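Trainee: Here it is: the structure, laid out below.
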Amino acid sequence: MIKKTNLCAIAAAVSALAAGTASAQNVTLFGRVDTGVQYTSKHAGTNSGDDDLTEVKSGGILPSIWGLKGSEDLGGGLKAVFNLEADFSSDTGGSRGLGNISTATFGRQSNVGLSSDWGTILIGRQYSPALLAELGTDPRGYKESFSMLLPFAGNQLPPGNDLSGSNNGAGIFTSNLISYTGKFGPFGVGAGFGAGEGNNGNGDGRTYSLGVTWTGAIIVSASYQQVEGAAPDAKTERAALGVAIPFDALTFKLLWAHAKGDPNPGAGDVNNFETDVGGAGVDLKWGGANTATLAYYYGEDHDNDNDKTKSLVLSNDYAFSKRTTLYAQYVYVDKDTESSIRTGIDLGLTAVDEKSHIFGVGVKHDF
């Protein structure tokens, strides 16, 4: 027979163990709400294709998101980690996404893995390692709107442009991805393989992604990504080089990317593309809480002489605090007769064969 005092001692020990286990796990609820007002001249979505549009806009500079992330100390420098992240439209409160992102509960991230001083291995839906390598060298830091993030997606659409059934979310997010990231002094590396499980597992969306960075007196980035399609030999490829050079209050940035795709290998040159997209810009920190950015982007498709886009972006972010930013931005877009999302930075917002102006102001709050 177990004495009552022994039972109490056992219960106390179990409680202490449970408390120790709970305290070793860290779970964080996080998110961002970014909403503003935006005016566009010659908006592509209006009836005539050249009318103006004023709208309340979600994600003026960064996407509105929410999620959970956490870690557990496993001892010996090893941690278990997880990430869950979802999009939403802050102007309506509804779900938001790109292709198969919009049909997923956590369309941005849904992964688990292990992390140590030797690096991190994650399994599941993740950001592209190639994309992450370029964050520090895109002239606008891959903001949600009006940066090289948009032609990145346009040039990495799965062959056939079937986003809904693909394993790959326009190159930005990849399901079924196994990745490794590591940081060794100034050198960083990220690599991933996404199993092609889109469209009943026929290989659609199979992804190979690599990104490397050097962070010292300057930042240098290099990346490569390949997305395969359902048809044999159908694929898109993209490679990029970038550099960021800080100089007192100024930071100069340059990013260039070359992409090519053959969506229908059995149909000759039909729908083939080969693009060059580049951006150059400068950040200026002024007045203590302000960051002004001037950036110029140019894109062209060598397989289509009429697919060229030139864009100029002027913006300013005022940081009320570490979490709250008031922003204003102006964009000038000059499109050729067949300009596409592969060469432009506005994701088809403005009409082709037109010169358009975009003005936007908004507030971003992180929690």
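Just so we're on the same page: first chain in the structure tokens is A, next is B, and so on; residues restart at 1 for each chain, and ligands are numbered from 1 in the order they show up.
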Leaving out segment 33-42 of chain A and any residue of its chain fewer than 2 positions from it, which residues lie within 6 Å of it when counting only C-alpha atoms, given as a PyMOL selection string?

Mentor: chain A and resi 50-59+64+350-351+356-365

Trainee: Determine, counting only C-alpha atoms, which protein, DNA and RNA residues have an atom within 9 Å of an atom of Val189 of chain A; residues of the same chain fewer than 3 positions away are not included. Present the result as a list in words.

Mentor: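 Residues meeting the cut-off are Pro129, Ala133, Tyr180, Thr181, Gly182, Lys183, Phe184, Leu210, Gly211, Val212 and Thr213 of chain A.
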
Trainee: For the residues in that selection, give me N, CA and C atoms as a PDB file, in the first residue's frame.

Mentor:
```pdb
ATOM      1  N   PRO A 129      14.385  29.184 -50.542  1.00  0.00           N
ATOM      2  CA  PRO A 129      15.742  29.569 -50.130  1.00  0.00           C
ATOM      3  C   PRO A 129      16.381  30.581 -51.079  1.00  0.00           C
ATOM      4  N   ALA A 133      17.631  34.540 -49.943  1.00  0.00           N
ATOM      5  CA  ALA A 133      18.993  35.032 -50.148  1.00  0.00           C
ATOM      6  C   ALA A 133      19.009  36.438 -50.730  1.00  0.00           C
ATOM      7  N   TYR A 180      17.667  23.151 -45.955  1.00  0.00           N
ATOM      8  CA  TYR A 180      18.739  23.355 -44.988  1.00  0.00           C
ATOM      9  C   TYR A 180      19.202  24.801 -45.093  1.00  0.00           C
ATOM     10  N   THR A 181      19.344  25.480 -43.961  1.00  0.00           N
ATOM     11  CA  THR A 181      19.944  26.806 -43.918  1.00  0.00           C
ATOM     12  C   THR A 181      21.010  26.830 -42.850  1.00  0.00           C
ATOM     13  N   GLY A 182      22.095  27.523 -43.129  1.00  0.00           N
ATOM     14  CA  GLY A 182      23.184  27.612 -42.168  1.00  0.00           C
ATOM     15  C   GLY A 182      23.917  28.930 -42.302  1.00  0.00           C
ATOM     16  N   LYS A 183      24.506  29.373 -41.213  1.00  0.00           N
ATOM     17  CA  LYS A 183      25.266  30.617 -41.178  1.00  0.00           C
ATOM     18  C   LYS A 183      26.621  30.340 -40.562  1.00  0.00           C
ATOM     19  N   PHE A 184      27.688  30.637 -41.311  1.00  0.00           N
ATOM     20  CA  PHE A 184      29.046  30.360 -40.860  1.00  0.00           C
ATOM     21  C   PHE A 184      29.872  31.631 -41.035  1.00  0.00           C
ATOM     22  N   LEU A 210      18.419  27.190 -54.395  1.00  0.00           N
ATOM     23  CA  LEU A 210      19.702  27.422 -53.735  1.00  0.00           C
ATOM     24  C   LEU A 210      19.928  28.920 -53.589  1.00  0.00           C
ATOM     25  N   GLY A 211      20.364  29.346 -52.415  1.00  0.00           N
ATOM     26  CA  GLY A 211      20.721  30.736 -52.204  1.00  0.00           C
ATOM     27  C   GLY A 211      21.927  30.846 -51.297  1.00  0.00           C
ATOM     28  N   VAL A 212      22.878  31.717 -51.649  1.00  0.00           N
ATOM     29  CA  VAL A 212      24.065  31.948 -50.831  1.00  0.00           C
ATOM     30  C   VAL A 212      24.241  33.452 -50.637  1.00  0.00           C
ATOM     31  N   THR A 213      24.762  33.826 -49.477  1.00  0.00           N
ATOM     32  CA  THR A 213      24.990  35.234 -49.172  1.00  0.00           C
ATOM     33  C   THR A 213      26.347  35.419 -48.504  1.00  0.00           C
TER      34      THR A 213
END
```

Trainee: Within segment 146-345 of chain A, find each residue whose DSSP state, derived from the backbone, is strand (DSSP E), and express the selection as a PyMOL selection string.

Mentor: chain A and resi 168-169+173-184+187-194+207-215+219-228+235-247+250-262+273-286+290-301+304-319+324-335

Trainee: Output C-alpha atoms for every residue in that selection, as a short mmCIF file (atom, residue, chain, number, x, y, z; two decimals), in the first residue's frame.

Mentor:
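Saved as selection-v4.cif:
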```cif
data_model
loop_
_atom_site.label_atom_id
_atom_site.label_comp_id
_atom_site.auth_asym_id
_atom_site.auth_seq_id
_atom_site.Cartn_x
_atom_site.Cartn_y
_atom_site.Cartn_z
CA ASN A 168 4.75 25.38 -56.05
CA GLY A 169 3.35 28.84 -55.18
CA PHE A 173 6.44 29.23 -51.39
CA THR A 174 6.94 25.51 -51.95
CA SER A 175 4.99 22.65 -50.41
CA ASN A 176 6.63 19.33 -49.56
CA LEU A 177 9.99 21.10 -49.27
CA ILE A 178 13.02 19.79 -47.40
CA SER A 179 15.46 22.62 -46.72
CA TYR A 180 18.74 23.35 -44.99
CA THR A 181 19.94 26.81 -43.92
CA GLY A 182 23.18 27.61 -42.17
CA LYS A 183 25.27 30.62 -41.18
CA PHE A 184 29.05 30.36 -40.86
CA PHE A 187 28.78 33.20 -45.21
CA GLY A 188 25.18 31.97 -45.37
CA VAL A 189 23.67 29.15 -47.40
CA GLY A 190 20.18 27.85 -48.03
CA ALA A 191 19.17 24.87 -50.15
CA GLY A 192 15.91 23.05 -50.70
CA PHE A 193 14.22 20.26 -52.65
CA GLY A 194 10.47 20.29 -53.12
CA THR A 207 11.51 22.51 -57.12
CA TYR A 208 15.27 22.87 -56.66
CA SER A 209 16.34 26.03 -54.84
CA LEU A 210 19.70 27.42 -53.74
CA GLY A 211 20.72 30.74 -52.20
CA VAL A 212 24.06 31.95 -50.83
CA THR A 213 24.99 35.23 -49.17
CA TRP A 214 28.09 37.02 -47.97
CA THR A 215 27.50 39.63 -45.26
CA ILE A 219 26.26 42.15 -48.85
CA VAL A 220 26.48 39.83 -51.85
CA SER A 221 23.76 37.38 -52.90
CA ALA A 222 23.58 34.61 -55.49
CA SER A 223 20.67 32.28 -56.15
CA TYR A 224 19.27 29.64 -58.49
CA GLN A 225 15.86 28.01 -58.69
CA GLN A 226 14.21 25.51 -61.02
CA VAL A 227 10.52 24.61 -61.07
CA GLU A 228 9.36 21.63 -63.13
CA LYS A 235 10.39 23.73 -66.50
CA THR A 236 11.29 27.29 -65.57
CA GLU A 237 14.74 28.35 -64.39
CA ARG A 238 15.92 31.53 -62.69
CA ALA A 239 19.36 32.74 -61.53
CA ALA A 240 20.22 36.03 -59.83
CA LEU A 241 23.13 38.09 -58.47
CA GLY A 242 22.88 41.04 -56.12
CA VAL A 243 24.93 43.43 -54.01
CA ALA A 244 24.22 46.00 -51.28
CA ILE A 245 26.85 48.60 -50.32
CA PRO A 246 26.28 50.68 -47.15
CA PHE A 247 27.88 54.11 -46.94
CA LEU A 250 23.09 55.61 -47.67
CA THR A 251 22.83 52.01 -48.89
CA PHE A 252 23.20 51.29 -52.60
CA LYS A 253 21.57 48.11 -53.93
CA LEU A 254 21.66 46.25 -57.22
CA LEU A 255 19.90 43.00 -58.19
CA TRP A 256 19.81 41.29 -61.60
CA ALA A 257 17.96 38.10 -62.54
CA HIS A 258 17.85 35.97 -65.68
CA ALA A 259 15.00 33.50 -66.21
CA LYS A 260 13.84 31.19 -68.95
CA GLY A 261 11.00 28.75 -69.38
CA ASP A 262 9.65 26.13 -71.75
CA PHE A 273 10.27 33.04 -72.53
CA GLU A 274 13.74 34.31 -71.63
CA THR A 275 13.77 37.38 -69.44
CA ASP A 276 16.22 39.74 -67.83
CA VAL A 277 14.97 41.83 -64.92
CA GLY A 278 17.13 44.27 -63.01
CA GLY A 279 16.75 46.79 -60.24
CA ALA A 280 19.01 49.51 -58.86
CA GLY A 281 18.29 51.79 -55.94
CA VAL A 282 19.42 53.67 -52.87
CA ASP A 283 18.09 53.89 -49.29
CA LEU A 284 18.59 57.08 -47.30
CA LYS A 285 18.05 57.17 -43.54
CA TRP A 286 17.13 60.67 -42.45
CA ASN A 290 12.66 58.02 -41.84
CA THR A 291 13.93 55.78 -44.62
CA ALA A 292 13.55 57.11 -48.15
CA THR A 293 14.06 54.80 -51.15
CA LEU A 294 14.57 55.57 -54.83
CA ALA A 295 14.54 52.51 -57.11
CA TYR A 296 14.51 51.88 -60.86
CA TYR A 297 13.46 48.54 -62.39
CA TYR A 298 13.70 47.32 -65.99
CA GLY A 299 12.53 44.04 -67.48
CA GLU A 300 12.43 42.54 -70.96
CA ASP A 301 11.56 39.21 -72.59
CA ASN A 304 8.96 38.79 -77.19
CA ASP A 305 10.20 42.21 -78.34
CA ASN A 306 6.97 43.84 -77.14
CA ASP A 307 7.30 42.64 -73.53
CA LYS A 308 9.30 45.42 -71.86
CA THR A 309 8.55 47.35 -68.68
CA LYS A 310 10.28 50.32 -67.02
CA SER A 311 9.37 51.44 -63.51
CA LEU A 312 10.52 54.12 -61.09
CA VAL A 313 9.60 54.00 -57.38
CA LEU A 314 10.00 56.74 -54.78
CA SER A 315 8.91 55.94 -51.22
CA ASN A 316 9.35 56.96 -47.62
CA ASP A 317 8.76 54.92 -44.45
CA TYR A 318 8.34 56.76 -41.14
CA ALA A 319 8.80 54.52 -38.08
CA THR A 324 4.30 50.82 -36.45
CA THR A 325 5.22 52.46 -39.77
CA LEU A 326 3.52 55.20 -41.79
CA TYR A 327 4.43 54.91 -45.46
CA ALA A 328 3.95 56.82 -48.71
CA GLN A 329 4.99 55.72 -52.19
CA TYR A 330 4.84 56.88 -55.80
CA VAL A 331 5.35 54.60 -58.81
CA TYR A 332 5.78 55.47 -62.48
CA VAL A 333 5.20 52.54 -64.86
CA ASP A 334 5.95 52.59 -68.61
CA LYS A 335 4.67 49.44 -70.35
#
```

Trainee: Mind checking which residues fall within 7 Å of segment 69-75 of chain A, counting only C-alpha atoms, ignoring those fewer than 4 positions away in the same chain, and posting them as a PyMOL selection string?

Mentor: chain A and resi 24-29+79-84

Trainee: What lies within 6 Å of Glu144 of chain A using only C-alpha atoms, ignoring chain neighbours under 3 positions off, as an mmCIF file with N, CA and C atoms, in the first residue's frame?

Mentor:
```cif
data_model
loop_
_atom_site.group_PDB
_atom_site.id
_atom_site.type_symbol
_atom_site.label_atom_id
_atom_site.label_comp_id
_atom_site.auth_asym_id
_atom_site.auth_seq_id
_atom_site.Cartn_x
_atom_site.Cartn_y
_atom_site.Cartn_z
ATOM 1 N N ILE A 61 2.975 47.742 -48.429
ATOM 2 C CA ILE A 61 4.415 47.495 -48.484
ATOM 3 C C ILE A 61 4.771 46.076 -48.071
ATOM 4 N N LEU A 62 4.015 45.491 -47.137
ATOM 5 C CA LEU A 62 4.246 44.109 -46.742
ATOM 6 C C LEU A 62 2.899 43.415 -46.562
ATOM 7 N N PRO A 63 2.840 42.100 -46.750
ATOM 8 C CA PRO A 63 1.555 41.403 -46.683
ATOM 9 C C PRO A 63 0.966 41.404 -45.277
#
```

Trainee: What is the distance, in Å and to one decimal place, between atom CA of Phe367 of chain A and atom CA of Gly77 of chain A?

Mentor: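 That distance, rounded to one decimal, is 28.2 Å.
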
Trainee: I want to know what sits within 12 Å of Leu150 of chain A, based on only C-alpha atoms, with residues of the same chain fewer than 3 positions away left out; could you give that as a VMD selection string?

Mentor: chain A and resid 98 131 138 140 142 to 147 153 to 157 170 to 172 277 297 299 340 to 349
